[in-house]
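Chemist: Structure file my_file-v5.txt (compact mmCIF, C-alpha atoms and all ligand atoms) is given on the next line.
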# COMPACT_ATOMS: atom_id res chain seq x y z
CA MET A 1 -27.85 10.64 -9.12
CA ALA A 2 -26.64 11.55 -5.66
CA SER A 3 -23.30 9.94 -5.00
CA LEU A 4 -23.09 7.57 -2.07
CA PRO A 5 -21.01 8.72 0.91
CA HIS A 6 -17.53 7.23 1.05
CA ARG A 7 -17.24 4.91 4.04
CA GLY A 8 -13.56 4.03 4.22
CA ARG A 9 -13.94 3.21 7.89
CA ARG A 10 -15.94 0.05 7.10
CA LEU A 11 -12.74 -1.94 6.68
CA ARG A 12 -11.04 -0.38 9.70
CA ARG A 13 -13.71 -1.34 12.20
CA THR A 14 -12.16 -4.42 13.84
CA GLU A 15 -8.74 -5.94 14.19
CA ALA A 16 -9.78 -8.83 11.93
CA LEU A 17 -10.99 -6.48 9.20
CA ARG A 18 -7.84 -4.39 9.45
CA THR A 19 -5.73 -7.50 9.09
CA MET A 20 -7.66 -8.53 5.98
CA ALA A 21 -7.32 -5.06 4.50
CA ALA A 22 -3.56 -4.87 5.09
CA GLU A 23 -1.56 -4.12 1.94
CA THR A 24 1.88 -4.60 3.41
CA VAL A 25 3.24 -7.65 5.15
CA LEU A 26 6.27 -7.68 7.43
CA ARG A 27 7.66 -11.06 8.45
CA PRO A 28 10.84 -12.05 10.33
CA HIS A 29 12.42 -13.43 7.17
CA HIS A 30 12.34 -9.96 5.63
CA LEU A 31 14.77 -8.77 8.29
CA ILE A 32 18.55 -9.06 8.23
CA ALA A 33 20.51 -8.50 11.43
CA PRO A 34 23.83 -6.62 11.25
CA LEU A 35 26.47 -8.17 13.54
CA PHE A 36 29.94 -7.02 14.52
CA VAL A 37 32.76 -9.42 15.28
CA LYS A 38 36.05 -8.20 16.69
CA GLU A 39 39.36 -9.95 16.73
CA GLY A 40 41.03 -10.58 20.08
CA LEU A 41 37.98 -9.69 22.13
CA ARG A 42 37.49 -11.78 25.28
CA GLU A 43 33.93 -10.77 26.09
CA PRO A 44 31.18 -9.15 24.04
CA ALA A 45 31.61 -5.37 24.25
CA PRO A 46 28.49 -3.18 24.39
CA ILE A 47 28.28 -0.50 21.70
CA GLY A 48 27.48 2.78 23.41
CA ALA A 49 25.61 4.42 20.57
CA LEU A 50 23.65 1.24 19.73
CA PRO A 51 22.13 0.15 23.04
CA GLY A 52 21.38 -3.57 23.03
CA HIS A 53 24.13 -4.30 20.48
CA PHE A 54 27.62 -5.66 20.97
CA GLN A 55 30.91 -6.20 19.30
CA HIS A 56 31.02 -9.99 19.39
CA THR A 57 33.73 -12.51 20.03
CA LEU A 58 34.10 -15.51 17.75
CA THR A 59 32.22 -17.47 20.38
CA SER A 60 29.46 -15.06 21.34
CA ILE A 61 28.50 -14.53 17.71
CA VAL A 62 27.50 -18.17 17.46
CA ASP A 63 25.06 -17.82 20.37
CA GLU A 64 23.77 -14.60 18.89
CA VAL A 65 23.04 -16.18 15.52
CA GLY A 66 21.44 -19.20 17.19
CA SER A 67 19.01 -17.02 19.11
CA LEU A 68 18.23 -14.92 16.03
CA LEU A 69 17.33 -18.09 14.13
CA ASP A 70 14.94 -18.96 16.93
CA THR A 71 13.01 -15.74 16.24
CA GLY A 72 12.48 -16.67 12.59
CA ILE A 73 15.23 -14.46 11.17
CA ARG A 74 17.07 -16.21 8.35
CA SER A 75 20.03 -13.97 7.65
CA VAL A 76 22.79 -11.86 9.19
CA ILE A 77 25.33 -9.48 7.70
CA LEU A 78 28.79 -9.56 9.25
CA PHE A 79 31.16 -6.67 9.85
CA GLY A 80 34.67 -7.40 11.07
CA ILE A 81 37.00 -5.37 13.23
CA PRO A 82 40.51 -6.69 12.71
CA GLY A 83 43.29 -6.82 15.28
CA ARG A 84 45.65 -5.00 12.93
CA LYS A 85 44.98 -2.26 10.39
CA ASP A 86 47.29 -1.17 7.57
CA ALA A 87 47.26 1.14 4.57
CA GLU A 88 45.75 -1.47 2.25
CA GLY A 89 43.44 -3.17 4.73
CA SER A 90 45.03 -6.55 4.13
CA GLU A 91 43.20 -8.25 7.00
CA ALA A 92 40.05 -7.93 4.88
CA TRP A 93 41.13 -10.82 2.64
CA ALA A 94 43.27 -12.76 5.11
CA GLU A 95 42.53 -16.48 5.32
CA GLU A 96 42.52 -16.13 9.11
CA GLY A 97 40.77 -12.77 9.08
CA VAL A 98 38.13 -12.28 11.75
CA VAL A 99 35.19 -12.35 9.32
CA GLN A 100 36.56 -15.39 7.52
CA ARG A 101 36.86 -17.22 10.81
CA ALA A 102 33.38 -16.20 11.87
CA LEU A 103 31.95 -17.33 8.52
CA ARG A 104 33.59 -20.75 8.80
CA THR A 105 32.35 -21.23 12.34
CA LEU A 106 28.80 -20.12 11.59
CA ARG A 107 28.62 -22.23 8.46
CA SER A 108 29.74 -25.36 10.25
CA GLU A 109 27.42 -24.65 13.17
CA PHE A 110 24.24 -23.79 11.26
CA ALA A 111 24.80 -25.28 7.80
CA ASP A 112 22.10 -24.12 5.35
CA ARG A 113 19.74 -22.81 8.02
CA ILE A 114 21.40 -19.40 7.88
CA VAL A 115 22.01 -17.05 4.95
CA LEU A 116 25.41 -15.52 5.62
CA ILE A 117 26.08 -12.11 4.13
CA ALA A 118 29.55 -10.59 4.36
CA ASP A 119 29.85 -6.82 4.16
CA LEU A 120 32.66 -6.15 1.74
CA CYS A 121 34.59 -2.96 2.36
CA LEU A 122 37.97 -1.69 3.50
CA CYS A 123 37.07 1.05 5.96
CA GLU A 124 37.22 -1.23 9.01
CA TYR A 125 40.59 -2.57 7.84
CA THR A 126 42.56 0.46 6.70
CA ASP A 127 44.55 2.53 9.17
CA HIS A 128 43.17 5.72 7.56
CA GLY A 129 39.54 4.53 7.72
CA HIS A 130 38.63 5.13 4.07
CA CYS A 131 36.76 2.56 2.00
CA GLY A 132 39.58 2.28 -0.53
CA VAL A 133 43.34 2.58 -0.85
CA LEU A 134 44.85 6.03 -1.12
CA SER A 135 46.85 7.58 -3.92
CA GLY A 136 48.73 10.87 -3.96
CA GLU A 137 49.77 12.83 -0.88
CA GLY A 138 48.90 15.90 1.11
CA SER A 139 46.39 18.04 -0.73
CA THR A 140 46.20 15.67 -3.71
CA VAL A 141 45.34 12.59 -1.69
CA GLY A 142 42.44 10.59 -3.10
CA ILE A 143 41.03 7.08 -3.37
CA ASP A 144 42.50 4.89 -6.10
CA ASN A 145 39.28 3.45 -7.50
CA ASP A 146 40.67 0.76 -9.76
CA ARG A 147 43.27 -0.55 -7.36
CA THR A 148 40.61 -0.67 -4.66
CA VAL A 149 38.29 -2.67 -6.88
CA GLU A 150 41.05 -5.26 -7.43
CA LEU A 151 41.30 -5.66 -3.68
CA TYR A 152 37.51 -5.97 -3.36
CA ALA A 153 37.64 -8.88 -5.80
CA LYS A 154 40.18 -10.64 -3.57
CA ILE A 155 38.06 -10.03 -0.49
CA ALA A 156 34.99 -11.46 -2.22
CA VAL A 157 36.72 -14.72 -3.12
CA SER A 158 38.09 -15.13 0.40
CA GLN A 159 34.69 -14.44 2.00
CA VAL A 160 32.91 -16.93 -0.23
CA ARG A 161 35.61 -19.51 0.33
CA ALA A 162 35.03 -19.06 4.07
CA GLY A 163 31.30 -19.67 3.72
CA ALA A 164 29.48 -16.49 2.67
CA ASP A 165 26.33 -17.03 0.58
CA ILE A 166 26.27 -13.37 -0.39
CA VAL A 167 28.92 -10.67 -0.54
CA ALA A 168 27.81 -7.08 -0.10
CA PRO A 169 30.20 -4.48 -1.52
CA SER A 170 29.57 -1.20 0.32
CA GLY A 171 32.45 1.02 -0.78
CA MET A 172 30.74 2.78 -3.71
CA MET A 173 33.72 2.32 -6.03
CA ASP A 174 32.93 2.36 -9.74
CA GLY A 175 32.96 -1.06 -11.33
CA GLN A 176 33.05 -2.94 -8.03
CA VAL A 177 30.17 -5.28 -8.82
CA GLY A 178 31.51 -6.32 -12.22
CA ALA A 179 35.00 -6.93 -10.88
CA ILE A 180 33.66 -9.03 -8.02
CA ARG A 181 31.37 -11.05 -10.30
CA ARG A 182 34.27 -11.83 -12.64
CA ALA A 183 36.54 -12.85 -9.80
CA LEU A 184 33.92 -15.10 -8.27
CA ASP A 185 33.17 -16.75 -11.60
CA ASP A 186 36.87 -17.19 -12.35
CA ALA A 187 37.14 -19.00 -9.02
CA GLY A 188 34.20 -21.24 -9.94
CA MET A 189 32.00 -19.56 -7.32
CA TYR A 190 28.99 -19.21 -9.60
CA ASP A 191 26.48 -19.70 -6.81
CA ALA A 192 27.72 -16.86 -4.64
CA ALA A 193 25.37 -13.88 -4.88
CA ILE A 194 26.09 -10.16 -4.78
CA LEU A 195 24.04 -7.73 -2.73
CA ALA A 196 25.17 -4.38 -4.07
CA TYR A 197 25.02 -1.27 -1.94
CA ALA A 198 24.02 0.44 -5.17
CA ALA A 199 22.65 3.74 -3.95
CA LYS A 200 24.55 4.57 -0.80
CA TYR A 201 24.39 8.13 0.37
CA ALA A 202 26.98 10.15 2.28
CA SER A 203 24.80 10.30 5.37
CA ALA A 204 24.91 11.76 8.84
CA PHE A 205 23.01 8.68 10.03
CA TYR A 206 26.09 6.41 10.01
CA GLY A 207 27.49 7.94 13.19
CA PRO A 208 26.85 5.08 15.65
CA PHE A 209 28.06 2.48 13.15
CA ARG A 210 31.47 4.09 12.94
CA GLU A 211 31.84 3.60 16.68
CA ALA A 212 30.64 -0.01 16.39
CA ALA A 213 32.92 -0.86 13.46
CA GLU A 214 35.77 1.45 14.49
CA SER A 215 35.73 2.73 10.93
CA ALA A 216 35.50 6.52 11.05
CA PRO A 217 37.78 8.14 8.45
CA ARG A 218 40.91 9.65 10.04
CA PHE A 219 40.71 12.64 7.70
CA GLY A 220 38.18 14.05 5.30
CA ASP A 221 34.85 12.37 4.68
CA ARG A 222 33.22 9.97 2.21
CA ARG A 223 31.53 12.48 -0.06
CA GLY A 224 34.02 11.73 -2.79
CA TYR A 225 32.53 8.27 -3.26
CA GLN A 226 29.13 8.13 -1.56
CA MET A 227 26.17 9.93 -3.13
CA GLN A 228 24.82 13.34 -2.22
CA PRO A 229 21.47 13.21 -0.41
CA GLY A 230 19.53 15.29 -2.89
CA ASN A 231 20.09 13.00 -5.89
CA ALA A 232 17.50 10.44 -6.98
CA ALA A 233 18.01 10.16 -10.76
CA GLU A 234 21.64 9.39 -10.05
CA ALA A 235 20.54 6.57 -7.76
CA LEU A 236 18.70 4.94 -10.64
CA ARG A 237 21.79 5.21 -12.83
CA GLU A 238 23.88 3.60 -10.09
CA VAL A 239 21.39 0.77 -9.75
CA GLU A 240 21.22 0.28 -13.50
CA ARG A 241 25.01 -0.08 -13.65
CA ASP A 242 25.10 -2.54 -10.79
CA VAL A 243 22.36 -4.66 -12.34
CA ALA A 244 24.24 -4.67 -15.65
CA GLU A 245 27.41 -5.71 -13.82
CA GLY A 246 25.69 -8.67 -12.20
CA ALA A 247 24.13 -7.60 -8.91
CA ASP A 248 21.56 -10.13 -7.67
CA VAL A 249 20.06 -7.76 -5.12
CA VAL A 250 20.41 -3.98 -5.00
CA MET A 251 20.32 -1.87 -1.88
CA VAL A 252 19.37 1.66 -0.96
CA LYS A 253 20.97 3.10 2.15
CA PRO A 254 19.88 4.72 4.48
CA ALA A 255 16.21 3.77 4.41
CA LEU A 256 13.90 6.20 6.18
CA ALA A 257 15.15 9.39 4.56
CA TYR A 258 15.22 7.70 1.13
CA LEU A 259 11.86 5.97 0.84
CA ASP A 260 11.24 7.65 -2.52
CA VAL A 261 14.45 6.15 -3.86
CA ILE A 262 13.49 2.66 -2.66
CA ARG A 263 10.11 3.00 -4.38
CA ALA A 264 11.67 4.25 -7.63
CA VAL A 265 14.25 1.46 -7.71
CA LYS A 266 11.67 -1.23 -7.08
CA GLU A 267 9.31 0.16 -9.69
CA ARG A 268 11.92 0.71 -12.37
CA PHE A 269 13.88 -2.53 -12.04
CA GLY A 270 11.57 -4.94 -10.27
CA ILE A 271 14.52 -6.88 -8.92
CA PRO A 272 15.09 -7.98 -5.34
CA THR A 273 15.63 -4.76 -3.43
CA ALA A 274 17.07 -4.27 0.03
CA ALA A 275 17.08 -1.20 2.25
CA TYR A 276 19.51 -0.54 5.07
CA SER A 277 17.86 1.08 8.04
CA VAL A 278 21.14 2.37 9.40
CA SER A 279 22.58 2.85 12.85
CA GLY A 280 21.39 6.46 13.19
CA GLU A 281 17.84 5.42 12.42
CA TYR A 282 17.96 2.97 15.30
CA ALA A 283 19.71 5.40 17.64
CA MET A 284 17.18 8.12 16.92
CA VAL A 285 14.19 5.99 17.94
CA GLN A 286 16.06 4.49 20.89
CA ALA A 287 17.14 7.86 22.25
CA ALA A 288 13.67 9.35 21.99
CA ALA A 289 12.16 6.25 23.60
CA ASP A 290 14.69 6.42 26.45
CA ARG A 291 13.36 9.88 27.24
CA GLY A 292 9.79 8.74 27.07
CA TRP A 293 9.21 10.85 23.96
CA LEU A 294 8.32 7.95 21.64
CA ASP A 295 6.86 4.49 22.07
CA ARG A 296 9.86 2.41 21.00
CA GLU A 297 7.97 -0.63 19.81
CA ALA A 298 5.32 1.31 17.91
CA ALA A 299 7.89 3.55 16.21
CA MET A 300 10.00 0.50 15.32
CA MET A 301 7.10 -1.36 13.71
CA GLU A 302 5.83 1.70 11.88
CA THR A 303 9.17 2.56 10.34
CA LEU A 304 9.90 -1.02 9.29
CA LEU A 305 6.45 -1.31 7.74
CA ALA A 306 7.02 1.97 5.90
CA VAL A 307 10.26 0.68 4.41
CA ARG A 308 8.45 -2.44 3.23
CA ARG A 309 5.61 -0.33 1.86
CA ALA A 310 8.13 1.74 -0.11
CA GLY A 311 9.18 -1.45 -1.89
CA ALA A 312 11.98 -3.09 0.07
CA ASP A 313 12.01 -6.88 0.03
CA TRP A 314 14.70 -7.11 2.68
CA ILE A 315 15.47 -4.71 5.50
CA LEU A 316 18.83 -4.62 7.24
CA THR A 317 18.03 -3.28 10.67
CA TYR A 318 19.32 -3.15 14.23
CA PHE A 319 15.70 -3.76 15.25
CA ALA A 320 15.72 -7.17 13.58
CA ARG A 321 15.64 -9.20 16.77
CA ASP A 322 13.06 -7.05 18.55
CA ALA A 323 10.80 -6.79 15.53
CA ALA A 324 10.98 -10.51 14.78
CA HIS A 325 10.19 -11.23 18.40
CA ARG A 326 7.19 -8.93 18.23
CA LEU A 327 5.99 -10.56 14.99
CA ARG A 328 5.98 -14.05 16.41
C1 LIG B 401 31.11 0.85 5.43
C2 LIG B 401 29.73 0.86 5.92
C3 LIG B 401 29.09 1.88 6.63
C4 LIG B 401 27.84 1.38 6.98
C5 LIG B 401 27.73 0.10 6.44
N1 LIG B 401 28.91 -0.19 5.76
C6 LIG B 401 29.55 3.17 7.12
C7 LIG B 401 30.07 4.20 6.25
O1 LIG B 401 29.90 4.21 5.04
O2 LIG B 401 30.71 5.08 6.83
C8 LIG B 401 26.84 2.12 7.81
C9 LIG B 401 25.81 1.28 8.46
C10 LIG B 401 25.10 1.92 9.56
O3 LIG B 401 25.21 3.13 9.86
O4 LIG B 401 24.35 1.19 10.21
N2 LIG B 401 31.36 0.97 4.11
Just give me the structure of the file as structure tokens.
Ligand code: PBG

Modeler:
Amino acid sequence: MASLPHRGRRLRRTEALRTMAAETVLRPHHLIAPLFVKEGLREPAPIGALPGHFQHTLTSIVDEVGSLLDTGIRSVILFGIPGRKDAEGSEAWAEEGVVQRALRTLRSEFADRIVLIADLCLCEYTDHGHCGVLSGEGSTVGIDNDRTVELYAKIAVSQVRAGADIVAPSGMMDGQVGAIRRALDDAGMYDAAILAYAAKYASAFYGPFREAAESAPRFGDRRGYQMQPGNAAEALREVERDVAEGADVVMVKPALAYLDVIRAVKERFGIPTAAYSVSGEYAMVQAAADRGWLDREAAMMETLLAVRRAGADWILTYFARDAAHRLR
């Protein structure tokens, strides 16, 4: 019997048919907007490498979140830039720390309408810019993993006390999720969730963020704690550990260059999975669009859809506002 010709185009013929044939759905509530709040700032300060984004004041961040909610976005992740940095990053767990103050304000302003995520790391708070505290000196200097994890636990409790629904440890220290879960439970904070940056790669795509968060390391780099780009099996081991330690959501970061890792994580574990489309991914599209080399909106929607298609439930992205606006 002669086989019938394949006519895949039948379901691509009209907009309505294409909509019905769509496998992947992208909605505003899938998007999480990263926001920066800086202590002592009088006016929002534009971030050069992230056009359209600002370091916020404790006042302007409220307006920002209000207008994001109007687009259908349900969640933001906060990064703080403290007025004072020290070797331990003590402003990270200060009662009056900039993120703690922002969390309290946003919680009282928006109540349960907003899901508040607090990035949990030390790099914005230490004077050396590393994600943990240092041990040793000179050529033997390194990050003291276990001491750092104790500090992360303190930060988590202070962020949840201030109003965070979710804490998101991003320092890639071993045992960080378990230590945070224990500390939260010991404090009676059973309802606070953990979004673990489980597979975070040492990436060139974080460049603009380090300007935004004023968190570039003063010496060396982060390859001693973040993962090497070529490793995927290791990512699954990292995720498995974090799930065992109590992560509620696991994250892969960056997104676009690691779509295979997102897919593997989602398939293997089937748990809520986030992907961080990082600052360099935004800057890359923006810069090309500025030169007329790419259609900004089309490239934005295509990449976000691709990250969803790979398996991400949530996408942290600097395009959150624009994409949500477009989706309305
Ligand atoms: C800090 C942190 C980084 C990002 C999120 N949390 C930077 C880094 O590891 O140097 C990068 C996010 C982005 O580039 O958008 N631990």

Chemist: Excluding segment 120-137 of chain A and its own-chain neighbours fewer than 6 positions away, which residues fall within 8 Å of it when counting all atoms listed in the file? Please give them as a PyMOL selection string.

Modeler: chain A and resi 80-82+84-92+143-145+147-148+152+155-156+167-171+213-219+222

Chemist: So the first atom is atom CA of Ala310 of chain A and the second is atom C5 of ligand LIG 401 (chain B); what is the distance between them in Å, to one decimal place?

Modeler: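 Separation of atom CA of Ala310 of chain A and atom C5 of ligand LIG 401 (chain B): 20.7 Å.
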
Chemist: Have a look at A:Leu17, A:Val99, A:Val160, A:Leu78 and name the one nearest to ligand LIG 401 (chain B); count all atoms listed in the file.

Modeler: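 Counting all atoms listed in the file, the residue closest to ligand LIG 401 (chain B) is A:Leu78.
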
Chemist: Give the answer as one residue: which of A:Ala199, A:Ala244, A:Val98, A:Ala289 has the shortest atom-to-atom distance to Val261 of chain A, using only C-alpha atoms?

Modeler: A:Ala199

Chemist: Rounded to one decimal in Å, what is the spacing between atom CA of Glu211 of chain A and atom CA of Val65 of chain A?

Modeler: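 Between these atoms lies a distance of 21.7 Å.
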
Chemist: Interatomic distance between atom C3 of ligand LIG 401 (chain B) and atom CA of Ala49 of chain A?

Modeler: 14.6 Å

Chemist: Of the candidates A:Val252, A:Ile166, A:Leu68, A:Leu50, which shows the shortest atom-to-atom distance to Val307 of chain A, using all atoms listed in the file?

Modeler: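 Result for the nearest residue to Val307 of chain A: A:Val252.
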
Chemist: Out of A:Val239, A:Val249, A:Ala198, A:Ala233, which residue has the shortest atom-to-atom distance to ligand LIG 401 (chain B) when counting all atoms listed in the file?

Modeler: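 Looking at the shortest contact to ligand LIG 401 (chain B), the residue is A:Ala198.
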
Chemist: For Pro28 of chain A, find every residue with an atom within 10 Å (counting only C-alpha atoms), except residues of its own chain fewer than 2 positions away, and show them as number ranges by chain.

Modeler: A: 26, 30-32, 68-69, 71-75, 314-315, 320-328

Chemist: Counting only C-alpha atoms, figure out which residue out of A:Asp174, A:Glu267, A:Asp191, A:Asp242 gets nearest to Gln226 of chain A.

Modeler: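 The answer is A:Asp174, which sits nearest to Gln226 of chain A.
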
Chemist: As a list in words, please: the residues near Ala33 of chain A (cut-off 7 Å, all atoms listed in the file, same-chain neighbours under 5 positions excluded).

Modeler: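 So the residues in contact are Ser75, Val76, Ile77, Leu316, Thr317, Tyr318 and Ala320 of chain A.
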
Chemist: Emit the selected residues as a PDB file, in the frame of the given file, including C-alpha atoms.

Modeler:
ATOM      1  CA  SER A  75      20.030 -13.970   7.650  1.00  0.00           C
ATOM      2  CA  VAL A  76      22.790 -11.860   9.190  1.00  0.00           C
ATOM      3  CA  ILE A  77      25.330  -9.480   7.700  1.00  0.00           C
ATOM      4  CA  LEU A 316      18.830  -4.620   7.240  1.00  0.00           C
ATOM      5  CA  THR A 317      18.030  -3.280  10.670  1.00  0.00           C
ATOM      6  CA  TYR A 318      19.320  -3.150  14.230  1.00  0.00           C
ATOM      7  CA  ALA A 320      15.720  -7.170  13.580  1.00  0.00           C
TER       8      ALA A 320
END

Chemist: Take the point (39.6, -9.7, 20.2) in the file's coordinates, draw a sphere of radius 12 Å around it, and report as a JSON list (two decimals) with C-alpha atoms, in the frame of the given file every protein, DNA or RNA residue with an atom inside or on it, counting all atoms listed in the file.

Modeler:
[["chain", "number", "residue", "atom", "x", "y", "z"],
["A", 36, "PHE", "CA", 29.94, -7.02, 14.52],
["A", 37, "VAL", "CA", 32.76, -9.42, 15.28],
["A", 38, "LYS", "CA", 36.05, -8.20, 16.69],
["A", 39, "GLU", "CA", 39.36, -9.95, 16.73],
["A", 40, "GLY", "CA", 41.03, -10.58, 20.08],
["A", 41, "LEU", "CA", 37.98, -9.69, 22.13],
["A", 42, "ARG", "CA", 37.49, -11.78, 25.28],
["A", 43, "GLU", "CA", 33.93, -10.77, 26.09],
["A", 44, "PRO", "CA", 31.18, -9.15, 24.04],
["A", 45, "ALA", "CA", 31.61, -5.37, 24.25],
["A", 55, "GLN", "CA", 30.91, -6.20, 19.30],
["A", 56, "HIS", "CA", 31.02, -9.99, 19.39],
["A", 57, "THR", "CA", 33.73, -12.51, 20.03],
["A", 58, "LEU", "CA", 34.10, -15.51, 17.75],
["A", 59, "THR", "CA", 32.22, -17.47, 20.38],
["A", 60, "SER", "CA", 29.46, -15.06, 21.34],
["A", 80, "GLY", "CA", 34.67, -7.40, 11.07],
["A", 81, "ILE", "CA", 37.00, -5.37, 13.23],
["A", 82, "PRO", "CA", 40.51, -6.69, 12.71],
["A", 83, "GLY", "CA", 43.29, -6.82, 15.28],
["A", 84, "ARG", "CA", 45.65, -5.00, 12.93],
["A", 97, "GLY", "CA", 40.77, -12.77, 9.08],
["A", 98, "VAL", "CA", 38.13, -12.28, 11.75]]

Chemist: Taking only C-alpha atoms and all ligand atoms into account, which of A:Ala164, A:Met284, A:Ile61, A:Leu106 comes nearest ligand LIG 401 (chain B)?

Modeler: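 Closest to ligand LIG 401 (chain B), using only C-alpha atoms and all ligand atoms: A:Met284.
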
Chemist: Enclose the full set of atoms of segment 104-112 of chain A listed in the file within a box whose edges lie along x, y and z, apply 3 Å of padding to each of the six sides, and report centre and edge lengths in Å to one decimal as AutoDock Vina command-line options.

Modeler:
--center_x 27.8 --center_y -22.7 --center_z 9.3 --size_x 17.5 --size_y 11.2 --size_z 13.8
